[in-house]
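Trainee: If it helps, the file is called start_32.cif and holds mmCIF, C-alpha atoms:
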data_query
#
loop_
_atom_site.label_atom_id
_atom_site.label_comp_id
_atom_site.auth_asym_id
_atom_site.auth_seq_id
_atom_site.Cartn_x
_atom_site.Cartn_y
_atom_site.Cartn_z
CA MET A 1 -14.34 -9.76 16.73
CA MET A 2 -11.02 -8.93 18.37
CA LEU A 3 -9.23 -8.24 15.05
CA ALA A 4 -11.76 -5.54 14.25
CA GLY A 5 -10.24 -3.44 17.03
CA LEU A 6 -6.75 -3.60 15.52
CA PRO A 7 -5.65 -0.81 13.21
CA LEU A 8 -4.72 -3.40 10.56
CA ALA A 9 -8.24 -4.72 10.19
CA ALA A 10 -11.16 -2.89 8.65
CA ALA A 11 -13.78 -2.25 11.30
CA ALA A 12 -17.17 -3.62 10.30
CA GLY A 13 -19.23 -0.87 8.70
CA SER A 14 -16.24 1.46 8.32
CA GLY A 15 -16.35 1.29 4.53
CA LEU A 16 -12.64 0.43 4.46
CA SER A 17 -11.31 -2.62 2.65
CA SER A 18 -9.53 -5.31 4.65
CA MET A 19 -5.77 -5.21 5.05
CA TRP A 20 -5.77 -9.02 5.25
CA ARG A 21 -5.61 -9.54 1.49
CA ILE A 22 -3.12 -11.87 -0.17
CA GLU A 23 -2.03 -9.19 -2.66
CA LEU A 24 -0.78 -7.08 0.25
CA LEU A 25 1.83 -9.66 1.24
CA HIS A 26 4.00 -8.49 -1.66
CA PRO A 27 4.43 -4.87 -0.48
CA ALA A 28 4.93 -6.19 3.05
CA VAL A 29 7.83 -8.39 1.89
CA VAL A 30 9.38 -6.60 -1.07
CA HIS A 31 11.07 -3.76 0.78
CA PHE A 32 13.34 -6.16 2.69
CA PRO A 33 15.38 -7.39 -0.32
CA VAL A 34 15.58 -3.83 -1.65
CA ALA A 35 16.99 -2.48 1.61
CA LEU A 36 19.19 -5.53 2.23
CA THR A 37 20.72 -5.25 -1.25
CA VAL A 38 21.61 -1.59 -0.79
CA VAL A 39 22.94 -2.06 2.76
CA GLY A 40 24.72 -5.31 1.82
CA SER A 41 26.44 -3.56 -1.10
CA LEU A 42 27.59 -0.78 1.22
CA PHE A 43 28.96 -3.32 3.71
CA TRP A 44 30.63 -5.17 0.82
CA ILE A 45 32.45 -2.02 -0.29
CA LEU A 46 33.48 -1.15 3.28
CA GLY A 47 34.75 -4.71 3.79
CA HIS A 48 37.36 -4.15 1.10
CA TYR A 49 39.19 -1.62 3.26
CA ARG A 50 41.68 -3.49 5.42
CA ALA A 51 40.72 -1.48 8.51
CA LEU A 52 37.05 -2.39 8.01
CA ALA A 53 37.50 -6.08 7.16
CA THR A 54 35.01 -6.95 9.92
CA PHE A 55 32.27 -5.86 7.48
CA ARG A 56 32.95 -8.83 5.17
CA VAL A 57 30.91 -11.42 7.03
CA PRO A 58 27.94 -9.07 7.68
CA ALA A 59 28.06 -8.14 3.98
CA ALA A 60 27.86 -11.78 2.91
CA ALA A 61 25.08 -12.50 5.42
CA THR A 62 23.09 -9.44 4.33
CA LEU A 63 23.40 -10.30 0.63
CA ILE A 64 22.37 -13.93 1.22
CA LEU A 65 19.31 -12.69 3.12
CA ALA A 66 18.61 -10.31 0.24
CA ALA A 67 18.66 -13.25 -2.19
CA ALA A 68 16.23 -15.22 -0.02
CA GLY A 69 14.03 -12.13 0.29
CA ALA A 70 14.09 -11.64 -3.48
CA TRP A 71 12.63 -15.12 -4.06
CA LEU A 72 10.01 -14.50 -1.37
CA ALA A 73 9.13 -11.26 -3.16
CA VAL A 74 8.82 -13.15 -6.47
CA GLN A 75 6.41 -15.67 -4.95
CA THR A 76 4.25 -13.07 -3.17
CA GLY A 77 4.31 -11.04 -6.39
CA LEU A 78 2.87 -13.98 -8.31
CA TRP A 79 0.06 -14.22 -5.74
CA ALA A 80 -0.58 -10.49 -6.12
CA ASP A 81 -0.58 -10.78 -9.92
CA ALA A 82 -3.30 -13.42 -9.76
CA GLU A 83 -5.50 -10.93 -7.87
CA VAL A 84 -4.83 -7.63 -9.63
CA GLY A 85 -3.34 -8.53 -13.02
CA ARG A 86 -6.60 -8.57 -14.92
CA GLU A 87 -7.83 -5.24 -13.53
CA LEU A 88 -5.00 -2.95 -14.58
CA PHE A 89 -5.43 -0.16 -17.11
CA ASP A 90 -2.05 -1.02 -18.63
CA PRO A 91 -0.59 -4.48 -17.82
CA ARG A 92 2.70 -3.90 -19.64
CA PRO A 93 4.60 -2.36 -16.70
CA LEU A 94 3.40 -5.28 -14.55
CA LYS A 95 4.95 -7.79 -16.95
CA ASP A 96 8.22 -5.82 -17.05
CA HIS A 97 8.16 -5.59 -13.24
CA GLU A 98 7.70 -9.36 -12.98
CA ASN A 99 10.39 -10.22 -15.52
CA LEU A 100 12.96 -7.85 -14.04
CA GLY A 101 12.10 -9.01 -10.51
CA LEU A 102 12.78 -12.58 -11.55
CA GLY A 103 16.06 -11.51 -13.15
CA PHE A 104 16.99 -9.70 -9.93
CA ALA A 105 16.28 -12.84 -7.87
CA TRP A 106 18.57 -14.88 -10.13
CA LEU A 107 21.26 -12.21 -9.97
CA MET A 108 21.11 -12.09 -6.18
CA SER A 109 21.31 -15.89 -6.07
CA GLY A 110 24.51 -15.73 -8.12
CA ILE A 111 25.88 -13.06 -5.77
CA ALA A 112 24.99 -15.21 -2.73
CA VAL A 113 26.82 -18.19 -4.22
CA GLY A 114 29.78 -15.95 -5.07
CA GLU A 115 29.90 -14.67 -1.50
CA LEU A 116 29.94 -18.22 -0.14
CA LEU A 117 32.73 -19.22 -2.52
CA ARG A 118 34.71 -16.16 -1.48
CA LEU A 119 34.93 -17.38 2.11
CA PRO A 120 38.52 -18.39 2.96
CA GLY A 121 39.37 -22.07 2.72
CA PHE A 122 37.47 -23.15 -0.39
CA LEU A 123 39.44 -21.69 -3.28
CA SER A 124 42.79 -20.09 -3.98
CA GLN A 125 43.25 -16.37 -3.43
CA ARG A 126 43.55 -15.73 -7.16
CA ILE A 127 40.22 -17.37 -7.93
CA ARG A 128 38.57 -15.59 -5.00
CA ASN A 129 39.84 -12.32 -6.46
CA TRP A 130 38.14 -13.16 -9.77
CA ILE A 131 34.91 -14.02 -7.96
CA SER A 132 35.20 -10.81 -5.97
CA LEU A 133 35.43 -8.83 -9.20
CA ALA A 134 32.38 -10.64 -10.62
CA VAL A 135 30.39 -10.09 -7.41
CA GLY A 136 31.32 -6.40 -7.40
CA LEU A 137 30.10 -5.92 -10.97
CA ALA A 138 26.97 -7.96 -10.25
CA LEU A 139 26.22 -5.79 -7.21
CA VAL A 140 26.30 -2.64 -9.35
CA ALA A 141 23.89 -4.33 -11.77
CA ALA A 142 21.71 -5.55 -8.88
CA VAL A 143 21.36 -2.10 -7.31
CA VAL A 144 20.41 -0.55 -10.67
CA LEU A 145 18.06 -3.43 -11.47
CA VAL A 146 16.28 -3.38 -8.11
CA GLY A 147 15.92 0.40 -8.33
CA TYR A 148 14.24 0.26 -11.73
CA THR A 149 12.09 -2.76 -10.76
CA ALA A 150 10.94 -0.90 -7.64
CA HIS A 151 10.17 2.16 -9.77
CA LEU A 152 7.92 0.05 -12.01
CA GLY A 153 6.24 -1.49 -8.96
CA ALA A 154 5.60 1.92 -7.45
CA GLY A 155 4.04 3.03 -10.76
CA LEU A 156 1.60 0.12 -10.61
CA VAL A 157 0.36 1.37 -7.24
CA TYR A 158 0.53 5.15 -7.65
CA GLN A 159 -0.43 5.38 -11.34
CA GLN A 160 -2.82 2.46 -11.69
CA GLY A 161 -4.02 1.83 -8.14
CA ALA A 162 -2.95 -1.83 -8.10
CA ALA A 163 -4.22 -3.54 -4.93
CA VAL A 164 -5.59 -0.23 -3.63
CA GLY A 165 -8.96 -0.69 -1.94
CA MET A 166 -10.93 2.54 -2.13
CA PRO A 167 -13.25 3.37 0.78
CA ARG A 168 -16.93 3.15 -0.01
CA GLU A 169 -20.16 3.89 1.78
CA GLU A 170 -21.81 0.78 3.17
CA PRO A 171 -25.58 0.54 3.28
CA MET B 1 47.22 -21.21 -10.12
CA ASN B 2 44.52 -23.61 -11.29
CA LYS B 3 43.39 -22.85 -14.82
CA PRO B 4 40.57 -25.45 -15.04
CA ILE B 5 38.93 -24.08 -11.86
CA GLU B 6 39.32 -20.54 -13.17
CA ARG B 7 37.58 -21.56 -16.40
CA LEU B 8 34.86 -23.31 -14.39
CA CYS B 9 34.25 -20.12 -12.39
CA LEU B 10 34.00 -18.04 -15.55
CA THR B 11 31.64 -20.61 -17.08
CA CYS B 12 29.45 -20.43 -13.95
CA ILE B 13 29.37 -16.62 -14.13
CA LEU B 14 28.38 -16.73 -17.81
CA GLY B 15 25.78 -19.40 -17.00
CA PHE B 16 24.23 -17.17 -14.36
CA LEU B 17 24.13 -14.22 -16.73
CA THR B 18 22.38 -16.42 -19.30
CA LEU B 19 19.84 -17.51 -16.68
CA ILE B 20 19.20 -13.89 -15.74
CA LEU B 21 18.63 -12.92 -19.36
CA ALA B 22 16.33 -15.93 -19.79
CA GLY B 23 14.50 -15.01 -16.61
CA CYS B 24 13.94 -11.46 -17.77
CA GLY B 25 12.04 -12.77 -20.79
CA GLY B 26 10.14 -10.39 -23.01
CA GLY B 27 7.43 -7.86 -22.43
CA ILE B 28 3.89 -7.86 -23.75
CA ASP B 29 2.19 -5.68 -26.32
CA VAL B 30 -1.21 -4.09 -26.77
CA VAL B 31 -3.08 -4.14 -30.10
CA ASP B 32 -6.10 -2.29 -31.44
CA ALA B 33 -9.47 -4.02 -31.34
CA GLY B 34 -9.73 -6.61 -34.11
CA THR B 35 -9.08 -10.20 -35.07
CA TYR B 36 -5.57 -11.64 -35.08
CA SER B 37 -3.94 -15.01 -35.75
CA GLY B 38 -1.24 -16.46 -33.61
CA THR B 39 0.13 -19.33 -31.54
CA VAL B 40 -0.49 -20.06 -27.86
CA ASP B 41 2.81 -19.84 -25.95
CA LYS B 42 1.31 -20.73 -22.58
CA ALA B 43 -2.15 -21.37 -21.14
CA VAL B 44 -2.64 -20.84 -17.39
CA ALA B 45 -5.78 -22.71 -16.38
CA GLU B 46 -5.97 -21.39 -12.80
CA GLU B 47 -6.16 -17.80 -14.01
CA LYS B 48 -7.88 -18.50 -17.33
CA GLU B 49 -5.05 -16.63 -18.98
CA ILE B 50 -3.14 -17.21 -22.21
CA TYR B 51 0.08 -15.86 -23.66
CA LEU B 52 0.08 -15.52 -27.42
CA SER B 53 2.63 -14.84 -30.13
CA LEU B 54 0.80 -13.16 -32.99
CA ASP B 55 1.84 -13.75 -36.57
CA ASN B 56 2.83 -10.07 -36.76
CA GLY B 57 5.46 -10.69 -34.04
CA MET B 58 3.59 -9.08 -31.16
CA LYS B 59 3.05 -10.80 -27.81
CA LEU B 60 -0.28 -10.67 -25.99
CA GLU B 61 -1.38 -11.68 -22.51
CA LEU B 62 -5.13 -12.27 -22.45
CA TYR B 63 -7.32 -12.89 -19.43
CA PHE B 64 -10.56 -14.63 -20.27
CA THR B 65 -13.73 -13.05 -18.91
CA GLU B 66 -17.17 -14.55 -18.31
CA ALA B 67 -18.13 -13.33 -21.77
CA THR B 68 -15.15 -14.76 -23.66
CA GLN B 69 -16.16 -17.48 -26.13
CA LEU B 70 -13.73 -20.30 -26.76
CA MET B 71 -14.40 -22.40 -29.85
CA LYS B 72 -12.75 -25.31 -31.60
CA GLY B 73 -13.89 -25.07 -35.16
CA MET B 74 -17.61 -24.37 -34.78
CA ASN B 75 -18.02 -25.95 -31.33
CA PRO B 76 -17.71 -24.23 -27.94
CA VAL B 77 -15.09 -25.92 -25.73
CA GLY B 78 -13.69 -25.51 -22.21
CA PHE B 79 -10.47 -23.71 -21.31
CA ALA B 80 -8.74 -27.06 -20.71
CA GLU B 81 -8.76 -27.60 -24.48
CA LEU B 82 -6.18 -24.85 -24.94
CA GLU B 83 -2.58 -25.99 -25.02
CA SER B 84 0.80 -24.50 -25.81
CA GLY B 85 1.44 -24.59 -29.53
CA ASP B 86 -2.23 -24.34 -30.54
CA ARG B 87 -2.91 -22.11 -33.51
CA VAL B 88 -5.69 -19.66 -32.67
CA GLU B 89 -7.61 -16.75 -34.11
CA VAL B 90 -8.48 -14.20 -31.43
CA THR B 91 -10.94 -11.35 -31.53
CA VAL B 92 -10.04 -8.74 -28.95
CA GLU B 93 -11.36 -5.48 -27.62
CA ARG B 94 -9.19 -2.75 -26.25
CA GLU B 95 -9.92 -1.08 -22.90
CA GLY B 96 -7.28 1.43 -21.93
CA ASN B 97 -3.99 -0.26 -22.66
CA ARG B 98 -5.18 -3.81 -22.16
CA ASN B 99 -6.77 -6.28 -24.53
CA ILE B 100 -9.81 -8.31 -23.60
CA PRO B 101 -10.56 -11.47 -25.56
CA VAL B 102 -14.07 -11.62 -26.98
CA MET B 103 -13.66 -14.81 -28.97
CA VAL B 104 -10.84 -17.33 -29.29
CA VAL B 105 -11.04 -19.96 -32.02
CA ILE B 106 -8.64 -22.90 -31.99
CA THR B 107 -7.85 -23.47 -35.63
CA GLU B 108 -5.19 -26.23 -35.38
#
Represent the structure of the file as structure tokens.
Mentor:
Amino acid sequence: MMLAGLPLAAAAGSGLSSMWRIELLHPAVVHFPVALTVVGSLFWILGHYRALATFRVPAAATLILAAAGAWLAVQTGLWADAEVGRELFDPRPLKDHENLGLGFAWLMSGIAVGELLRLPGFLSQRIRNWISLAVGLALVAAVVLVGYTAHLGAGLVYQQGAAVGMPREEP
Amino acid sequence: MNKPIERLCLTCILGFLTLILAGCGGGIDVVDAGTYSGTVDKAVAEEKEIYLSLDNGMKLELYFTEATQLMKGMNPVGFAELESGDRVEVTVEREGNRNIPVMVVITE
């Protein structure tokens, strides 16, 4: 089969597990919202300097993409949970990872809405300043939250071998 | 300055924070092997999984195995019989830091 020649697929008889497993969609997706949140926050800060105001629109776009990516990560995470949840040595970090990931997705959704409301033309400058303050505080919380959630997720892989397919001799 | 809109914005922000806290939910616990009483918070048929609040305040997430027995009174029943709010008595084993249900009896 043609796929067998690709580095992504396990060659027949190689003893390697397939890379085409539904639980592997989550690690393929989850790094995007993490990176977009960090980069979007940086753009957001830069956009507050008058000389760098051109960063404002890219910041909003990046943070909205981060919110969409967060929900995609939640869904792929639920698919992964269905495959690996019952095999873990300690399921408690998985539950914390799931709960905090869901909280992060909600937080990013709030930030995305805040960024849209901050666009000129909808609300008065005073109200946009209030929203800006709320978004700024929420971004600090989001970066901390995504960092800790990612730490828990990494622990599931590197401490408990979640979704890791070990090579084995085939007869 | 528009005070009502300002209040609406603050209400929305507080609403989002509430949603986030609700979304974060609570964690789960691990107990020693034994028999415990509690209430089913949620039963997930596709994964044959239940969430339980034990009478001692702890929360368990239990995945049924091929060997798990589910009874209603003295009669064996299917997983579909389990519903949120059911009172149950569960006998669990402990493997590592996870609990495996050996027997679940629906008492009410």
Trainee: Please work out which residues fall within 8 Å of (17.6, -10.2, -11.1), coordinates as given in the file, with all atoms listed in the file counting, and return them as a ChimeraX atom specification.
Mentor: /A:100-108,142,145-146 /B:20,23-24
Trainee: Name the residues that the PyMOL selection byres ((chain A and resi 133) around 12) picks from the file above, as a VMD selection string, using the file's chain letters and numbers.
Mentor: (chain A and resid 44 to 45 48 111 114 to 115 118 126 to 132 134 to 140) or (chain B and resid 9 to 10 13)
Trainee: Go ahead and write the selection's residues with C-alpha atoms as a CSV table (one decimal), in the coordinates of the input.
Mentor:
chain,number,residue,atom,x,y,z
A,44,TRP,CA,30.6,-5.2,0.8
A,45,ILE,CA,32.4,-2.0,-0.3
A,48,HIS,CA,37.4,-4.2,1.1
A,111,ILE,CA,25.9,-13.1,-5.8
A,114,GLY,CA,29.8,-16.0,-5.1
A,115,GLU,CA,29.9,-14.7,-1.5
A,118,ARG,CA,34.7,-16.2,-1.5
A,126,ARG,CA,43.6,-15.7,-7.2
A,127,ILE,CA,40.2,-17.4,-7.9
A,128,ARG,CA,38.6,-15.6,-5.0
A,129,ASN,CA,39.8,-12.3,-6.5
A,130,TRP,CA,38.1,-13.2,-9.8
A,131,ILE,CA,34.9,-14.0,-8.0
A,132,SER,CA,35.2,-10.8,-6.0
A,134,ALA,CA,32.4,-10.6,-10.6
A,135,VAL,CA,30.4,-10.1,-7.4
A,136,GLY,CA,31.3,-6.4,-7.4
A,137,LEU,CA,30.1,-5.9,-11.0
A,138,ALA,CA,27.0,-8.0,-10.2
A,139,LEU,CA,26.2,-5.8,-7.2
A,140,VAL,CA,26.3,-2.6,-9.4
B,9,CYS,CA,34.2,-20.1,-12.4
B,10,LEU,CA,34.0,-18.0,-15.6
B,13,ILE,CA,29.4,-16.6,-14.1
Trainee: Is it possible to get the residues within 6 Å of (1.0, -6.6, -19.6) (coordinates as in the file, counting all atoms listed in the file) written as a ChimeraX atom specification?
Mentor: /A:91-92,94-95 /B:28
Trainee: Nearest residue to B:Glu66 out of B:Thr91, B:Asp32, B:Met103, B:Gly38, using all atoms listed in the file?
Mentor: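 Counting all atoms listed in the file, the residue closest to B:Glu66 is B:Met103.
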Trainee: Find the residues near A:Arg21: any atom within 10 Å, counting all atoms listed in the file, skip ones fewer than 4 places away on the same chain, and give them as a ChimeraX atom specification.
Mentor: /A:17,25,80,83,163
Trainee: Could you tell me how far atom CA of A:Leu72 lies from atom CA of B:Cys12, in Å and to one decimal?
Mentor: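 Result for atom CA of A:Leu72 versus atom CA of B:Cys12: 23.9 Å, one decimal.
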Trainee: Choose the residue, out of A:Val113, A:Leu42, A:Val29, A:Leu65, that has the smallest atom-to-atom separation from chain B; count only C-alpha atoms.
Mentor: A:Val113
Trainee: Specify as a ChimeraX atom specification each residue included when the PyMOL selection byres ((chain B and resi 58-60) around 10) is applied to this file.
Mentor: /A:92 /B:26-31,38-41,50-57,61-63,98-99
Trainee: Any chance you could export the current selection's C-alpha atoms as a short mmCIF file (atom, residue, chain, number, x, y, z; two decimals), keeping the file's coordinate frame?
Mentor:
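Written output follows (result05.cif):
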data_model
loop_
_atom_site.label_atom_id
_atom_site.label_comp_id
_atom_site.auth_asym_id
_atom_site.auth_seq_id
_atom_site.Cartn_x
_atom_site.Cartn_y
_atom_site.Cartn_z
CA ARG A 92 2.70 -3.90 -19.64
CA GLY B 26 10.14 -10.39 -23.01
CA GLY B 27 7.43 -7.86 -22.43
CA ILE B 28 3.89 -7.86 -23.75
CA ASP B 29 2.19 -5.68 -26.32
CA VAL B 30 -1.21 -4.09 -26.77
CA VAL B 31 -3.08 -4.14 -30.10
CA GLY B 38 -1.24 -16.46 -33.61
CA THR B 39 0.13 -19.33 -31.54
CA VAL B 40 -0.49 -20.06 -27.86
CA ASP B 41 2.81 -19.84 -25.95
CA ILE B 50 -3.14 -17.21 -22.21
CA TYR B 51 0.08 -15.86 -23.66
CA LEU B 52 0.08 -15.52 -27.42
CA SER B 53 2.63 -14.84 -30.13
CA LEU B 54 0.80 -13.16 -32.99
CA ASP B 55 1.84 -13.75 -36.57
CA ASN B 56 2.83 -10.07 -36.76
CA GLY B 57 5.46 -10.69 -34.04
CA GLU B 61 -1.38 -11.68 -22.51
CA LEU B 62 -5.13 -12.27 -22.45
CA TYR B 63 -7.32 -12.89 -19.43
CA ARG B 98 -5.18 -3.81 -22.16
CA ASN B 99 -6.77 -6.28 -24.53
#
Trainee: With distances taken over all atoms listed in the file, which of B:Glu49, B:Ile106, B:Gly73, B:Gly34 is nearest to chain A?
Mentor: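 Comparing B:Glu49, B:Ile106, B:Gly73, B:Gly34 against chain A, the winner is B:Glu49.
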Trainee: I'd like the residues picked by the PyMOL selection byres ((chain B and resi 83) around 10) written out as a short mmCIF file (atom, residue, chain, number, x, y, z; two decimals) with C-alpha atoms, in the frame of the given file, using the chain letters and numbers from the file.
Mentor:
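Resulting contents of part11.cif:
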data_model
loop_
_atom_site.label_atom_id
_atom_site.label_comp_id
_atom_site.auth_asym_id
_atom_site.auth_seq_id
_atom_site.Cartn_x
_atom_site.Cartn_y
_atom_site.Cartn_z
CA THR B 39 0.13 -19.33 -31.54
CA VAL B 40 -0.49 -20.06 -27.86
CA ASP B 41 2.81 -19.84 -25.95
CA LYS B 42 1.31 -20.73 -22.58
CA ALA B 43 -2.15 -21.37 -21.14
CA VAL B 44 -2.64 -20.84 -17.39
CA ALA B 45 -5.78 -22.71 -16.38
CA ILE B 50 -3.14 -17.21 -22.21
CA PHE B 79 -10.47 -23.71 -21.31
CA ALA B 80 -8.74 -27.06 -20.71
CA GLU B 81 -8.76 -27.60 -24.48
CA LEU B 82 -6.18 -24.85 -24.94
CA SER B 84 0.80 -24.50 -25.81
CA GLY B 85 1.44 -24.59 -29.53
CA ASP B 86 -2.23 -24.34 -30.54
CA ARG B 87 -2.91 -22.11 -33.51
CA ILE B 106 -8.64 -22.90 -31.99
#
Trainee: So which one's closest to B:Glu47, A:Val38, A:Ile64, A:Val84, A:Leu119? Using all atoms listed in the file, please.
Mentor: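 Checking each of A:Val38, A:Ile64, A:Val84, A:Leu119 against B:Glu47, counting all atoms listed in the file, the winner is A:Val84.
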Trainee: Using only C-alpha atoms, can you tell me which of A:Val144, A:Ala82, A:Leu24, A:Ala51 comes closest to A:Val157?
Mentor: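 Using only C-alpha atoms, the shortest distance to A:Val157 belongs to A:Leu24.
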Trainee: Would you please work out which residue, of A:Glu170, A:Asp96, A:Glu87, A:Asp81, is nearest to chain B when using only C-alpha atoms?
Mentor: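 Among A:Glu170, A:Asp96, A:Glu87, A:Asp81, it is A:Asp96 that comes nearest to chain B.
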Trainee: Any idea what's packed within 6 Å of B:Leu70, counting only C-alpha atoms, ignoring anything in its chain fewer than 5 positions away? Could you give it as a PyMOL selection string?
Mentor: chain B and resi 76-77+103-105
Trainee: May I ask for the distance between atom CA of A:Pro33 and atom CA of A:Gly69, given in Å to one decimal place?
Mentor: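 Interatomic distance here is 5.0 Å.
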Trainee: In Å to one decimal, how far is atom CA of A:Val34 from atom CA of A:Gly147?
Mentor: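 Between atom CA of A:Gly147 and atom CA of A:Val34 the gap is 7.9 Å.
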Trainee: Mind checking which residues fall within 7 Å of A:Ala66, counting only C-alpha atoms, ignoring those fewer than 4 positions away in the same chain, and posting them as a list in words?
Mentor: Pro33, Leu36, Thr37, Thr62 and Ala70 of chain A
